[in-house]
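This report concerns only the one structure given below.
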Amino acid sequence: MRPLIVASLPIKKIEDLKLIGNFLDADLIELRLDYLKDREVSVISDYFEFLDKYRNKLIITLRDKAEGGINELADELKISLLKELYDKQFLYDVEVSFLQKHNVPYDNAIVSIHYFNYLPTSEKVKEIVSKFYEKAFSVKIAVLGLKGYKEVILPLLEYENVTVIPMSNNPLERIAVGLLGSKLVYSYAIEPLAQGQLYYKKVIQIFDYINNIITSSSVT
């Protein structure tokens, strides 16, 4: 079974929401709303009726700047929007660090943590995964490609709903973890938003090709 292919789309102005329809061949489209300023994020709820027709295709992300976000959003604004997204049953991404500070629902959400500056221990990461994975849609662990990082992320694939992201310059590593069981593989819709991201159509082609090989081998 192949992973879900996510096409990450930076929303740099409200009008960019109209681009969603261009990427419906991806399994999921991540709307990176942290590219917007607070005043623009504050009116996103006015567009929920428009977004609702794509609801089953969307991941809404307001990434904290400390974890790779572009603009610093006020915590109160983020809390309010996440609770509204939860009530309207949108899939969203919320950081472990944010959940540790605020009472925000994460049932059926993507719970994420990003290690940009150091390599965590395998025990620490497993502790985080164990705390959240039963209620979350997926627990997403992104780790910089430092020496020993494979020993940290690969054991996490024993969990069914874990997403691991090796943040290295080698895009094949993202493909590899997808083959090994990562629930989601992140790619880009228009431009790379992180190290090692491939264009989403290319990622779909790669996994379709591999699946065809597997299917053909099982038949013969």
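Residue numbering restarts at 1 in every chain; chains get A, B, ... in the order shown in the structure tokens, and ligands count up from 1 in that same order.
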Find the residues of stretch 74-120 of chain A that sit at most 12 Å from stretch 154-164 of chain A; for each, write down the nearest two atoms and how far apart they are in Å, to one decimal. Count only C-alpha atoms. Sort by chain, then by number going up, and give it as a tab-separated table.
```
residue	atom	partner	partner_atom	distance
A:Asn108	CA	A:Asn161	CA	10.7
A:Ala109	CA	A:Asn161	CA	11.2
A:Ile110	CA	A:Thr163	CA	9.1
A:Val111	CA	A:Val162	CA	9.6
A:Ser112	CA	A:Thr163	CA	8.9
A:Ile113	CA	A:Val164	CA	10.1
A:His114	CA	A:Val164	CA	10.1
A:Tyr115	CA	A:Val164	CA	11.6
```
Now that the selection is made, can you save its residues with N, CA and C atoms as a compact mmCIF listing (two decimals), in the first residue's frame?
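So the final result, stored in result09.txt, reads:
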```txt
# COMPACT_ATOMS: atom_id res chain seq x y z
N ASN A 108 -7.75 13.21 15.40
CA ASN A 108 -7.76 13.10 13.94
C ASN A 108 -7.03 14.26 13.26
N ALA A 109 -6.07 14.85 13.96
CA ALA A 109 -5.23 15.90 13.38
C ALA A 109 -3.84 15.33 13.12
N ILE A 110 -3.03 16.07 12.39
CA ILE A 110 -1.62 15.72 12.23
C ILE A 110 -0.87 16.42 13.36
N VAL A 111 -0.22 15.65 14.19
CA VAL A 111 0.56 16.19 15.30
C VAL A 111 2.03 16.12 14.90
N SER A 112 2.70 17.27 14.88
CA SER A 112 4.03 17.30 14.28
C SER A 112 5.09 17.86 15.21
N ILE A 113 6.32 17.47 14.93
CA ILE A 113 7.47 18.04 15.62
C ILE A 113 8.65 18.03 14.66
N HIS A 114 9.42 19.11 14.66
CA HIS A 114 10.51 19.28 13.72
C HIS A 114 11.81 19.53 14.48
N TYR A 115 12.81 18.74 14.16
CA TYR A 115 14.11 18.88 14.80
C TYR A 115 15.09 19.46 13.78
```
Requested in this report: Apply DSSP to the structure's backbone, then extract all residues of stretch 148-191 of chain A labelled helix (DSSP H, G or I) and return them as a PyMOL selection string.
Outcome: chain A and resi 149-158+172-180
Report task. Pick out the residues sitting within 10 Å of A:Asp16, and hand them over as a PyMOL selection string; count only C-alpha atoms, and ignore anything fewer than 6 positions along from it in its own chain. Result -> chain A and resi 9-10+31
Report task. Extract, using only C-alpha atoms, all DNA, RNA and protein residues at most 8 Å from A:Val143, discarding same-chain residues fewer than 6 positions from it, and format them as a list in words. Result ->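 After dropping sequence-adjacent residues, the list is His114, Tyr115, Phe116, Leu119, Tyr149, Ile153, Val164, Ile165, Pro166 and Met167 of chain A.
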Query raised in the report: If you run DSSP on the backbone, which residues of chain A are strand (DSSP E), as JSON, numbers by chain?
Result: {"A": [4, 5, 6, 7, 8, 9, 10, 28, 29, 30, 31, 32, 58, 59, 60, 61, 91, 92, 93, 94, 95, 110, 111, 112, 113, 114, 115, 138, 139, 140, 141, 142, 143, 144, 162, 163, 164, 165, 166, 167, 184, 185, 186, 187, 188]}
Query - For A:Leu4: contacts at 9 Å, only C-alpha atoms, fewer than 4 positions along chain excluded, given as number ranges by chain - result: A: 26-28, 178, 182-186
With C-alpha atoms retained, export the selected residues as an mmCIF file, in the first residue's frame.
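Generated output (part33.cif):
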```cif
data_model
loop_
_atom_site.group_PDB
_atom_site.id
_atom_site.type_symbol
_atom_site.label_atom_id
_atom_site.label_comp_id
_atom_site.auth_asym_id
_atom_site.auth_seq_id
_atom_site.Cartn_x
_atom_site.Cartn_y
_atom_site.Cartn_z
ATOM 1 C CA ALA A 26 -2.599 14.697 -5.122
ATOM 2 C CA ASP A 27 -4.025 12.645 -2.265
ATOM 3 C CA LEU A 28 -3.900 15.673 0.018
ATOM 4 C CA GLY A 178 7.281 6.040 2.070
ATOM 5 C CA SER A 182 5.496 6.395 6.394
ATOM 6 C CA LYS A 183 1.802 7.310 6.232
ATOM 7 C CA LEU A 184 2.388 10.567 4.341
ATOM 8 C CA VAL A 185 5.045 11.703 1.883
ATOM 9 C CA TYR A 186 5.323 15.472 1.516
#
```
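Nearest to A:Ser187 of all the residues A:Glu95, A:Glu30, A:Glu15, A:Asp38 is A:Glu30, based on only C-alpha atoms.
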Requested in this report: Pick out the residues sitting within 9 Å of stretch 127-129 of chain A, and hand them over as a PyMOL selection string; count only C-alpha atoms, and ignore anything fewer than 4 positions along from it in its own chain.
Outcome: chain A and resi 96+122-123+133-134+139-141+156+159+162
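Proximity of A:Tyr54, A:Leu91, A:Tyr188, A:Ile29 to A:Lys201, computed with only C-alpha atoms, is greatest for A:Tyr188.
Comparing the minimum interatomic distances between A:Asn71 and each of A:Leu99, A:Ser45, A:Leu58, A:Lys12, counting only C-alpha atoms, we find that A:Lys12 sits nearest.
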Query raised in the report: Which residues, written as a list in words, have at least one atom at most 9 Å from A:Val203, with only C-alpha atoms counted and residues fewer than 4 positions away on the same chain left out?
Result: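 Final neighbour list, sorted by chain and number: Ile5, Ile175, Val185, Ser187, Leu198, Tyr199, Phe207 and Asp208 of chain A.
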With C-alpha atoms retained, write the just-selected residues as a PDB file, in the first residue's frame.
```
ATOM      1  CA  ILE A   5       1.058  11.954  -1.350  1.00  0.00           C
ATOM      2  CA  ILE A 175      10.621   7.990  -1.237  1.00  0.00           C
ATOM      3  CA  VAL A 185       5.045  11.703   1.883  1.00  0.00           C
ATOM      4  CA  SER A 187       6.093  17.016  -1.860  1.00  0.00           C
ATOM      5  CA  LEU A 198      10.120  16.604  -5.019  1.00  0.00           C
ATOM      6  CA  TYR A 199       7.372  17.869  -7.309  1.00  0.00           C
ATOM      7  CA  PHE A 207       5.048   5.270  -6.525  1.00  0.00           C
ATOM      8  CA  ASP A 208       2.733   4.279  -9.382  1.00  0.00           C
TER       9      ASP A 208
END
```
Query raised in the report: Which of these, A:Leu85, A:Tyr106, A:Asp25, A:Asp75, has the shortest distance to A:Tyr47 once you count only C-alpha atoms?
Result: A:Leu85
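When only C-alpha atoms are used to measure the gap to A:Pro192, the shortest distance among A:Gln205, A:Ser8, A:Ser216, A:Asn56 belongs to A:Ser8.
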Query raised in the report: Which of these, A:Ile214, A:Ala142, A:Leu62, A:Ile14, has the shortest distance to A:Asp46 once you count only C-alpha atoms?
Result: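 Of A:Ile214, A:Ala142, A:Leu62, A:Ile14, the one nearest A:Asp46, counting only C-alpha atoms, is A:Ile14.
Between atom CA of A:Gly145 and atom CA of A:Ile11 lies a distance of 27.2 Å.
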**Report entry** Length of the atom CA of A:His102 to atom CA of A:Leu73 vector [Å]
**Finding:**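 Here the two named atoms are 14.4 Å from each other.
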**Report entry** Distance in Å - atom CA of A:Ile70 versus atom CA of A:Ile190
**Finding:** 16.4 Å
